[in-house]
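Enquirer: Contents of query.cif (mmCIF, C-alpha atoms) are given next:
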data_structure
#
loop_
_atom_site.label_atom_id
_atom_site.label_comp_id
_atom_site.auth_asym_id
_atom_site.auth_seq_id
_atom_site.Cartn_x
_atom_site.Cartn_y
_atom_site.Cartn_z
CA MET A 1 -5.26 166.36 136.88
CA ARG A 2 -3.09 168.93 138.60
CA ILE A 3 -2.66 167.66 142.15
CA CYS A 4 -1.00 169.25 145.18
CA VAL A 5 -0.04 166.79 147.96
CA VAL A 6 0.61 168.49 151.30
CA TYR A 7 2.58 166.91 154.14
CA ASP A 8 5.42 168.33 156.22
CA CYS A 9 7.61 165.20 155.99
CA LEU A 10 9.08 163.34 153.03
CA TYR A 11 10.14 159.69 153.08
CA PRO A 12 12.89 158.51 153.44
CA HIS A 13 14.31 161.78 154.81
CA THR A 14 11.99 161.14 157.76
CA VAL A 15 10.59 157.68 158.44
CA GLY A 16 7.05 156.73 159.37
CA GLY A 17 3.83 155.23 158.07
CA ALA A 18 2.31 158.55 156.98
CA GLN A 19 5.55 159.58 155.25
CA ARG A 20 5.54 156.36 153.26
CA TRP A 21 1.88 156.81 152.31
CA TYR A 22 2.36 160.33 150.90
CA ARG A 23 5.56 159.41 149.06
CA ASN A 24 3.88 156.38 147.47
CA LEU A 25 0.69 158.32 146.71
CA ALA A 26 2.58 161.10 144.94
CA GLU A 27 4.74 158.69 142.92
CA ARG A 28 1.81 156.53 141.83
CA LEU A 29 -0.34 159.49 140.84
CA ALA A 30 2.55 160.80 138.74
CA GLU A 31 3.00 157.37 137.15
CA ARG A 32 -0.69 157.47 136.18
CA GLY A 33 -0.13 160.67 134.22
CA HIS A 34 -1.15 163.33 136.73
CA GLN A 35 0.86 166.48 137.33
CA VAL A 36 1.86 166.22 141.01
CA THR A 37 3.38 168.82 143.33
CA TYR A 38 4.47 167.78 146.84
CA LEU A 39 4.69 170.51 149.50
CA SER A 40 6.93 169.77 152.48
CA LEU A 41 9.36 171.28 154.91
CA ARG A 42 12.88 170.88 153.52
CA GLN A 43 14.40 167.72 154.98
CA TRP A 44 17.18 167.15 152.48
CA PRO A 45 20.47 169.03 152.01
CA ALA A 46 20.07 172.38 150.28
CA GLY A 47 20.73 172.17 146.57
CA GLU A 48 20.17 168.41 146.36
CA ASP A 49 17.37 166.62 144.54
CA PRO A 50 14.86 165.31 147.13
CA GLY A 51 14.56 162.20 144.96
CA VAL A 52 10.89 161.62 144.05
CA PRO A 53 10.77 160.66 140.36
CA GLY A 54 8.15 162.51 138.32
CA VAL A 55 7.05 164.70 141.24
CA ASP A 56 7.75 168.40 141.73
CA VAL A 57 8.83 168.54 145.39
CA CYS A 58 8.55 172.07 146.75
CA ALA A 59 9.97 173.06 150.14
CA VAL A 60 7.73 175.76 151.65
CA GLY A 61 9.67 175.95 154.91
CA PRO A 62 13.19 175.39 156.25
CA ARG A 63 14.69 172.29 157.78
CA MET A 64 13.46 172.04 161.38
CA GLU A 65 13.54 169.59 164.26
CA LEU A 66 10.02 168.15 164.34
CA TYR A 67 10.07 166.40 167.72
CA ALA A 68 11.11 167.20 171.28
CA ASP A 69 10.93 164.43 173.90
CA GLY A 70 8.81 162.30 171.60
CA ARG A 71 6.18 165.01 171.07
CA ARG A 72 5.55 167.11 167.99
CA ARG A 73 6.92 170.62 168.41
CA THR A 74 4.46 173.46 167.78
CA LEU A 75 6.67 175.79 165.73
CA PRO A 76 7.34 173.56 162.67
CA PRO A 77 3.61 173.00 161.88
CA VAL A 78 3.00 176.75 162.23
CA VAL A 79 5.86 177.52 159.87
CA PHE A 80 4.69 174.85 157.44
CA GLY A 81 1.10 176.11 157.57
CA ALA A 82 2.31 179.63 156.74
CA GLY A 83 4.35 178.25 153.85
CA VAL A 84 1.38 176.32 152.51
CA LEU A 85 -0.82 179.42 152.78
CA TRP A 86 1.70 181.52 150.85
CA HIS A 87 2.16 178.83 148.18
CA LEU A 88 -1.59 178.42 147.64
CA LEU A 89 -2.09 182.20 147.55
CA ARG A 90 0.37 182.34 144.66
CA ARG A 91 -0.26 179.04 142.89
CA GLY A 92 -3.45 177.54 144.29
CA GLY A 93 -5.45 178.43 141.18
CA ARG A 94 -3.26 176.07 139.14
CA TYR A 95 -4.44 172.98 141.03
CA ASP A 96 -7.55 170.89 140.51
CA VAL A 97 -6.99 169.03 143.78
CA VAL A 98 -5.26 169.77 147.08
CA HIS A 99 -4.75 166.60 149.14
CA THR A 100 -3.50 167.10 152.69
CA GLY A 101 -3.17 165.28 155.96
CA SER A 102 -5.40 166.43 158.80
CA MET A 103 -2.60 166.68 161.37
CA PRO A 104 -0.91 169.00 162.03
CA TYR A 105 -3.92 171.24 161.42
CA PHE A 106 -2.21 174.47 160.32
CA PRO A 107 -1.70 173.46 156.64
CA LEU A 108 -5.24 172.08 156.55
CA LEU A 109 -6.59 175.39 157.88
CA ALA A 110 -4.54 177.20 155.23
CA ALA A 111 -5.95 175.01 152.46
CA LEU A 112 -9.49 175.45 153.80
CA SER A 113 -9.20 179.23 153.87
CA LEU A 114 -8.33 179.43 150.15
CA ARG A 115 -10.47 176.59 148.82
CA ARG A 116 -13.15 178.76 147.25
CA ALA A 117 -10.95 181.65 146.24
CA ARG A 118 -8.55 179.39 144.33
CA GLY A 119 -11.16 176.92 143.09
CA TYR A 120 -9.55 173.60 143.98
CA ARG A 121 -11.23 170.55 145.51
CA LEU A 122 -9.97 169.68 148.99
CA PHE A 123 -9.29 166.10 150.10
CA VAL A 124 -8.16 165.30 153.65
CA ASP A 125 -6.59 162.16 155.13
CA TRP A 126 -7.73 161.49 158.70
CA ILE A 127 -4.94 159.12 159.72
CA GLU A 128 -5.90 159.50 163.37
CA ILE A 129 -8.62 161.23 165.37
CA TRP A 130 -7.77 161.77 169.01
CA THR A 131 -10.31 161.68 171.79
CA ARG A 132 -10.78 164.70 174.03
CA ASP A 133 -9.17 162.80 176.93
CA TYR A 134 -6.15 161.88 174.87
CA TRP A 135 -5.69 165.46 173.67
CA ARG A 136 -5.59 166.62 177.29
CA GLU A 137 -3.15 163.85 178.23
CA TYR A 138 -0.89 164.72 175.31
CA ALA A 139 -0.91 168.52 175.49
CA GLY A 140 -2.28 169.43 178.91
CA ARG A 141 -5.74 170.56 179.87
CA LEU A 142 -5.85 173.97 178.16
CA LEU A 143 -3.82 173.23 175.00
CA GLY A 144 -5.43 169.80 174.77
CA GLU A 145 -8.91 171.33 174.82
CA LEU A 146 -7.85 173.80 172.13
CA GLY A 147 -6.40 171.00 170.00
CA TRP A 148 -9.59 168.95 170.30
CA ARG A 149 -11.75 171.93 169.32
CA ILE A 150 -9.58 172.66 166.27
CA GLN A 151 -9.82 168.99 165.31
CA ARG A 152 -13.62 169.17 165.56
CA LEU A 153 -13.72 172.40 163.53
CA CYS A 154 -11.64 170.80 160.79
CA ALA A 155 -13.76 167.64 160.83
CA ARG A 156 -16.91 169.70 160.21
CA SER A 157 -15.37 171.74 157.40
CA PRO A 158 -16.34 171.13 153.74
CA HIS A 159 -13.97 168.56 152.24
CA ARG A 160 -13.86 165.00 150.96
CA ALA A 161 -12.50 162.73 153.70
CA PHE A 162 -10.33 159.62 153.68
CA ALA A 163 -9.67 157.38 156.68
CA PHE A 164 -7.34 154.39 157.01
CA ALA A 165 -9.24 152.47 159.69
CA ARG A 166 -12.89 151.97 160.59
CA LEU A 167 -12.13 153.31 164.08
CA HIS A 168 -11.19 156.74 162.76
CA ALA A 169 -13.87 156.81 160.05
CA GLN A 170 -16.45 156.35 162.79
CA ARG A 171 -14.86 158.99 165.02
CA LEU A 172 -14.84 161.46 162.13
CA THR A 173 -18.56 160.99 161.62
CA GLU A 174 -19.16 161.34 165.36
CA LEU A 175 -17.25 164.65 165.31
CA GLY A 176 -19.78 165.99 162.82
CA HIS A 177 -18.31 165.40 159.37
CA ALA A 178 -21.30 165.51 157.07
CA GLY A 179 -19.77 164.11 153.89
CA GLU A 180 -18.74 160.69 152.69
CA VAL A 181 -15.72 159.05 154.32
CA THR A 182 -13.77 156.76 151.98
CA LEU A 183 -11.82 153.95 153.64
CA LEU A 184 -8.24 153.51 152.40
CA ASP A 185 -7.24 150.31 154.17
CA GLY A 186 -4.61 149.32 151.61
CA LEU A 187 -1.12 150.69 152.29
CA TYR A 188 1.09 147.68 151.46
CA ALA A 189 3.52 148.80 148.76
CA ASN A 190 6.17 146.05 148.71
CA GLY A 191 4.79 144.31 145.63
CA GLU A 192 4.77 140.54 145.67
CA PRO A 193 5.26 139.00 149.12
CA PRO A 194 8.39 136.95 149.79
CA SER A 195 8.28 133.57 148.06
CA GLY A 196 9.04 131.93 151.38
CA ALA A 197 10.32 133.00 154.76
CA GLY A 198 13.71 131.91 155.91
CA GLU A 199 14.29 129.41 158.65
CA ARG A 200 12.37 130.47 161.73
CA GLU A 201 14.17 131.35 164.91
CA PRO A 202 12.92 131.73 168.50
CA LEU A 203 13.00 135.47 167.91
CA ILE A 204 10.60 138.33 168.51
CA VAL A 205 11.00 141.66 166.72
CA PHE A 206 9.88 145.23 167.33
CA ALA A 207 10.63 148.21 165.07
CA GLY A 208 9.44 151.76 165.56
CA ARG A 209 9.95 154.97 167.46
CA HIS A 210 10.53 154.59 171.19
CA ILE A 211 7.81 156.95 172.38
CA PRO A 212 5.32 156.46 175.23
CA GLU A 213 2.45 155.52 172.89
CA LYS A 214 4.44 152.60 171.48
CA GLY A 215 4.92 150.98 174.90
CA VAL A 216 8.40 149.68 174.07
CA PRO A 217 9.67 149.47 177.70
CA ALA A 218 6.91 146.95 178.48
CA LEU A 219 8.56 144.57 176.01
CA VAL A 220 11.62 144.03 178.17
CA PRO A 221 9.98 142.50 181.28
CA ALA A 222 7.60 140.65 178.93
CA ILE A 223 10.58 139.02 177.21
CA ALA A 224 12.09 138.14 180.59
CA LEU A 225 8.83 136.45 181.66
CA ALA A 226 8.46 134.62 178.36
CA ARG A 227 12.04 133.33 178.64
CA GLU A 228 11.13 131.60 181.88
CA ARG A 229 9.03 129.26 179.72
CA LEU A 230 11.05 129.59 176.50
CA PRO A 231 14.72 129.87 177.57
CA GLU A 232 15.94 129.99 173.98
CA LEU A 233 13.84 133.08 173.16
CA ARG A 234 15.69 136.15 171.83
CA ALA A 235 14.58 139.59 170.66
CA GLU A 236 15.67 142.39 168.36
CA ILE A 237 14.30 145.84 169.25
CA TYR A 238 14.86 148.41 166.50
CA GLY A 239 14.29 152.16 166.57
CA ASP A 240 15.08 155.13 168.74
CA GLY A 241 13.35 157.84 170.74
CA PRO A 242 12.94 159.29 174.22
CA ASP A 243 12.15 155.89 175.80
CA ARG A 244 15.30 154.23 174.43
CA ASN A 245 17.40 154.88 177.54
CA GLU A 246 14.72 153.28 179.68
CA VAL A 247 14.69 150.27 177.37
CA LEU A 248 18.47 149.90 177.62
CA THR A 249 18.36 150.28 181.42
CA LEU A 250 15.66 147.61 181.71
CA LEU A 251 17.67 145.21 179.55
CA GLY A 252 20.49 145.43 182.08
CA GLU A 253 18.19 145.14 185.09
CA HIS A 254 16.58 141.98 183.69
CA GLY A 255 19.89 140.46 182.60
CA LEU A 256 18.90 140.38 178.93
CA ASN A 257 21.88 142.04 177.31
CA GLY A 258 22.97 138.71 175.84
CA ALA A 259 19.52 137.74 174.61
CA VAL A 260 18.16 141.07 173.33
CA THR A 261 19.78 143.55 170.94
CA ALA A 262 18.64 147.16 170.55
CA PRO A 263 20.79 148.68 167.78
CA GLY A 264 18.64 151.79 167.16
CA PHE A 265 17.50 152.72 163.66
CA VAL A 266 18.78 150.44 160.91
CA ASP A 267 18.22 149.98 157.19
CA ALA A 268 14.73 148.78 156.24
CA ASP A 269 16.17 145.62 154.69
CA VAL A 270 17.63 144.63 158.07
CA VAL A 271 14.23 144.90 159.71
CA ARG A 272 12.56 143.05 156.86
CA ASP A 273 15.07 140.20 157.18
CA ALA A 274 14.53 140.01 160.95
CA ILE A 275 10.74 139.85 160.52
CA GLY A 276 11.15 137.04 158.00
CA ARG A 277 13.13 135.00 160.54
CA ALA A 278 11.00 135.83 163.56
CA LEU A 279 8.59 133.82 165.62
CA CYS A 280 6.42 136.95 165.75
CA PHE A 281 6.41 140.72 165.60
CA VAL A 282 5.26 142.37 168.82
CA LEU A 283 3.53 145.75 168.62
CA PRO A 284 2.66 146.85 172.18
CA SER A 285 1.27 150.24 171.06
CA ARG A 286 -1.76 151.73 172.68
CA ARG A 287 -2.22 154.13 169.76
CA GLU A 288 -1.90 153.32 166.06
CA GLY A 289 -3.62 154.99 163.14
CA TYR A 290 -3.29 151.89 160.94
CA GLY A 291 -0.51 149.38 161.71
CA LEU A 292 1.18 148.75 158.36
CA VAL A 293 3.80 146.52 159.95
CA VAL A 294 1.06 143.94 160.67
CA VAL A 295 0.50 143.57 156.92
CA GLU A 296 4.22 143.54 156.14
CA ALA A 297 4.79 140.82 158.73
CA ALA A 298 1.85 138.79 157.41
CA ALA A 299 3.31 138.97 153.90
CA ALA A 300 6.32 137.08 155.31
CA GLY A 301 4.10 134.61 157.16
CA THR A 302 4.99 136.15 160.53
CA PRO A 303 2.18 136.63 163.09
CA THR A 304 1.86 139.88 165.04
CA VAL A 305 0.96 140.45 168.68
CA VAL A 306 -1.09 143.64 169.14
CA VAL A 307 -2.75 145.18 172.18
CA ALA A 308 -6.49 145.76 172.55
CA HIS A 309 -6.75 149.47 173.33
CA PRO A 310 -9.52 151.91 172.35
CA ASP A 311 -7.03 154.04 170.36
CA ASN A 312 -5.29 151.17 168.58
CA ALA A 313 -6.55 150.73 165.02
CA ALA A 314 -3.96 148.00 164.35
CA VAL A 315 -6.30 145.47 165.99
CA GLU A 316 -8.47 145.77 162.86
CA LEU A 317 -5.69 143.99 160.97
CA VAL A 318 -5.35 141.00 163.30
CA GLU A 319 -7.70 138.05 163.46
CA ASP A 320 -6.90 136.54 166.84
CA GLY A 321 -5.44 133.07 166.39
CA VAL A 322 -5.21 133.45 162.60
CA ASN A 323 -2.51 136.00 161.76
CA GLY A 324 -1.54 136.89 165.31
CA VAL A 325 -2.79 137.45 168.83
CA VAL A 326 -4.75 140.35 170.32
CA ALA A 327 -3.42 140.74 173.87
CA PRO A 328 -5.94 142.20 176.35
CA SER A 329 -3.37 144.73 177.62
CA SER A 330 0.28 145.74 177.41
CA GLU A 331 1.05 144.39 180.87
CA PRO A 332 4.30 142.36 180.67
CA ALA A 333 2.65 139.14 181.87
CA THR A 334 -0.09 139.52 179.24
CA LEU A 335 2.42 140.16 176.45
CA ALA A 336 4.48 137.19 177.61
CA ASP A 337 1.40 134.95 177.45
CA ALA A 338 0.70 136.14 173.90
CA ILE A 339 4.28 135.43 172.79
CA VAL A 340 4.16 131.94 174.28
CA ARG A 341 0.79 131.34 172.62
CA VAL A 342 2.29 132.13 169.20
CA HIS A 343 5.20 129.79 169.94
CA GLU A 344 2.88 126.97 170.96
CA SER A 345 0.81 127.38 167.79
CA GLY A 346 3.87 126.34 165.78
CA GLU A 347 3.65 126.14 162.01
CA GLY A 348 -0.15 126.29 162.14
CA MET A 349 -0.30 130.03 162.85
CA ARG A 350 2.43 130.80 160.34
CA ARG A 351 0.47 128.92 157.69
CA SER A 352 -2.80 130.68 158.58
CA THR A 353 -0.95 134.03 158.56
CA ARG A 354 0.21 133.43 155.00
CA GLU A 355 -3.30 132.37 154.02
CA TRP A 356 -4.73 135.51 155.66
CA PHE A 357 -2.42 137.65 153.55
CA GLU A 358 -3.34 135.77 150.39
CA ARG A 359 -7.05 136.39 151.09
CA ASN A 360 -6.57 140.06 151.92
CA GLY A 361 -3.57 141.05 149.82
CA SER A 362 -5.51 142.77 147.05
CA ARG A 363 -7.63 144.79 149.49
CA LEU A 364 -4.53 145.79 151.47
CA SER A 365 -2.48 146.82 148.43
CA ILE A 366 -1.63 150.50 148.13
CA ASP A 367 -2.73 150.40 144.49
CA THR A 368 -6.28 149.65 145.66
CA SER A 369 -6.21 152.77 147.85
CA VAL A 370 -4.76 154.91 145.05
CA ASP A 371 -7.57 153.63 142.79
CA ARG A 372 -10.09 154.87 145.37
CA VAL A 373 -8.35 158.21 145.73
CA GLU A 374 -8.24 158.69 141.95
CA ALA A 375 -11.93 157.80 141.67
CA ALA A 376 -12.79 160.34 144.38
CA TYR A 377 -10.81 163.02 142.53
CA ALA A 378 -12.68 162.21 139.32
CA GLU A 379 -16.07 162.68 140.97
#
Reformat the file's structure so that it appears as structure tokens.

Expert:
Amino acid sequence: MRICVVYDCLYPHTVGGAQRWYRNLAERLAERGHQVTYLSLRQWPAGEDPGVPGVDVCAVGPRMELYADGRRRTLPPVVFGAGVLWHLLRRGGRYDVVHTGSMPYFPLLAALSLRRARGYRLFVDWIEIWTRDYWREYAGRLLGELGWRIQRLCARSPHRAFAFARLHAQRLTELGHAGEVTLLDGLYANGEPPSGAGEREPLIVFAGRHIPEKGVPALVPAIALARERLPELRAEIYGDGPDRNEVLTLLGEHGLNGAVTAPGFVDADVVRDAIGRALCFVLPSRREGYGLVVVEAAAAGTPTVVVAHPDNAAVELVEDGVNGVVAPSSEPATLADAIVRVHESGEGMRRSTREWFERNGSRLSIDTSVDRVEAAYAE
């Protein structure tokens, strides 16, 4: 088939769960013999190969700063949507399939507008669906209401839908999507899990962007409280973002500069090594579309602490007491209790975490999701 994958970011030029999904999807579809084009904003130096073997990567917009203060800027999605519209006007008739993310909505609206005229089938990934209240919190009352209405309009449009969590599949149906929603709950692409984790340390790990939704500042007082019961406890907090300065300030206020390191963004192998040594990974997010790091940690036999929040789909990947702990909230005392609970479980929870991954590894493999995508295309 002739397939056009549409997303405004390209891994590893920008890092994130969605970026990794679209990069892996495009590569695997190409490996299976399909002709794949990947539309993106340019995020690599002009004149250089973007580096996706077997895939025709096409920049339909210039290099742009995507975020300001941890929020998506409005201009880059508009520019990207215009670029997608122009590309599909010229070349859309060459594709059998156009496969795009739902957010930001401008490229989706462009693909929708030309679907019949250019004759391609449209497939849409609903990585997240935001509630009306969250839209207003994120963008303000007026822009938030507009964003929610555009989201609803797109949900009700004619397309074949994919979701990565049951939470968002259900929300899509509730918004009025009339078609089938295929669940793609396999995103793990690291092949065989490690043969055995290294020697465990009294260490907790976080890696991700330091934005309000991730709740990273709450980790610092939580670590301080947990250290009152576990004095040897240490932490490594990776990533960067608008909340990083607050994290660094809190480390000083709680006297944790010797026990906690926060080096910013590092190579993926550094994070992977830290997870393999850790007591647990702590993910204090109140909003996650999937939570791939839970699976990656489980592959190393490392439990994950997640937070029970209505917008957090990562809780679907944690069986409390088996491969981690579901904390009732992101309050520091609650997170500290969860960390101590993992410590007290000892080798038992690490063993059950490895067993959980062994039971679920095939379902959670990215190849299983690509199989489902390919089958949906073939229909």

Enquirer: Using the chain letters and residue numbers of this document, give as an MDAnalysis selection string the residues selected by the PyMOL selection byres ((chain A and resi 7-18) around 8).

Expert: chainID A and resid 5:6 19:23 38:41 43:44 77 80 100:101 127 292

Enquirer: Find the residues with any atom within 9 Å of (3.7, 140.6, 159.1); use all atoms listed in the file and the coordinates as given in the file, and write the answer as a ChimeraX atom specification.

Expert: /A:275-276,280-281,292-304,323-324,353-354,357

Enquirer: Report as a list in words all protein, DNA and RNA residues lying within 10 Å of Lys214 (chain A), evaluated on only C-alpha atoms, omitting residues in the same chain fewer than 6 positions from it.

Expert: Ala207, Gly208, Asp243, Leu283, Pro284, Ser285, Arg286, Arg287, Glu288 and Ser330 of chain A

Enquirer: Find the residue from A:His309, A:Arg136, A:Arg91, A:His254 that sits nearest to Gly215 (chain A); use all atoms listed in the file when measuring.

Expert: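 The shortest atom-to-atom distance to Gly215 (chain A) comes from A:His309.
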
Enquirer: Hey, what's within 12 Å of Pro231 (chain A) if we count all atoms listed in the file and toss same-chain stuff fewer than 3 positions away? As a PyMOL selection string, please?

Expert: chain A and resi 202-203+223-228+234-235+256+259+340

Enquirer: Once you count all atoms listed in the file, which residues end up no further than 9 Å from (-7.5, 158.8, 164.5) in the file's frame, shown as a count of residues only?

Expert: 21

Enquirer: One decimal, in Å: what's the spacing between CA of Ala82 (chain A) and CA of Gly47 (chain A)?

Expert: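 These two atoms are separated by 22.3 Å.
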
Enquirer: Hey, can you check how far CA of Gly51 (chain A) sits from CA of Met64 (chain A)?

Expert: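 Those two atoms sit 19.2 Å apart.
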
Enquirer: Rank A:Pro328, A:Gly252, A:Pro76, A:Gly144 by their smallest atom-to-atom distance to Val60 (chain A), using all atoms listed in the file, and report the top residue only.

Expert: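 Comparing A:Pro328, A:Gly252, A:Pro76, A:Gly144 against Val60 (chain A), the winner is A:Pro76.
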
Enquirer: What does the structure give for the distance between CA of Leu112 (chain A) and CA of Ile150 (chain A), in Å to one decimal?

Expert: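 These two atoms are separated by 12.8 Å.
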
Enquirer: Ranking A:Val97, A:Leu317, A:Val307, A:Val370 by minimum distance to Arg32 (chain A) and counting all atoms listed in the file, which one comes first?

Expert: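 Going through A:Val97, A:Leu317, A:Val307, A:Val370 one by one, the smallest distance to Arg32 (chain A) is for A:Val370.
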
Enquirer: Find the residues near Glu180 (chain A): any atom within 10 Å, counting all atoms listed in the file, skip ones fewer than 3 places away on the same chain, and give them as a VMD selection string.

Expert: chain A and resid 159 to 162 169 173 177 183

Enquirer: Identify which of the residues A:His34, A:Glu347, A:Asp367, A:Glu137 lies closest to Asp96 (chain A), counting only C-alpha atoms when measuring atom-to-atom distances.

Expert: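 That would be A:His34, the residue with the smallest distance to Asp96 (chain A).
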
Enquirer: Check the smallest atom-to-atom distance from each of A:Val78, A:Val55, A:Leu153, A:Val220 to Ala336 (chain A) using only C-alpha atoms, then report the winner.

Expert: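 Checking each candidate against Ala336 (chain A), we get A:Val220 as the closest.
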
Enquirer: Can you sort out the box for region 86-95 of chain A, edges along x, y and z, all listed atoms in, 4 Å on every side, with centre and edge lengths in Å to one decimal, as lines of an AutoDock Vina configuration file?

Expert:
center_x = -1.6
center_y = 177.7
center_z = 145.0
size_x = 15.6
size_y = 17.4
size_z = 19.7

Enquirer: Suppose a student applies the PyMOL selection byres ((chain A and resi 247) around 10) to this structure; what residues should they get, written as a list in words?

Expert: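 On the file shown, the PyMOL selection byres ((chain A and resi 247) around 10) covers His210, Val216, Pro217, Ala218, Leu219, Val220, Pro221, Ile237, Asp240, Pro242, Asp243, Arg244, Asn245, Glu246, Leu248, Thr249, Leu250, Leu251, Gly252, Glu253 and Ala262 of chain A.
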
Enquirer: Rank nothing, just name the residue among A:Arg28, A:Arg2, A:Arg200, A:Arg166 nearest to Gly92 (chain A), using all atoms listed in the file.

Expert: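 Of A:Arg28, A:Arg2, A:Arg200, A:Arg166, the one nearest Gly92 (chain A), counting all atoms listed in the file, is A:Arg2.
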
Enquirer: Find the residues near Val373 (chain A): any atom within 10 Å, counting only C-alpha atoms, skip ones fewer than 3 places away on the same chain, and give them as a VMD selection string.

Expert: chain A and resid 25 29 99 123 162 182 to 184 367 to 370 376 to 378
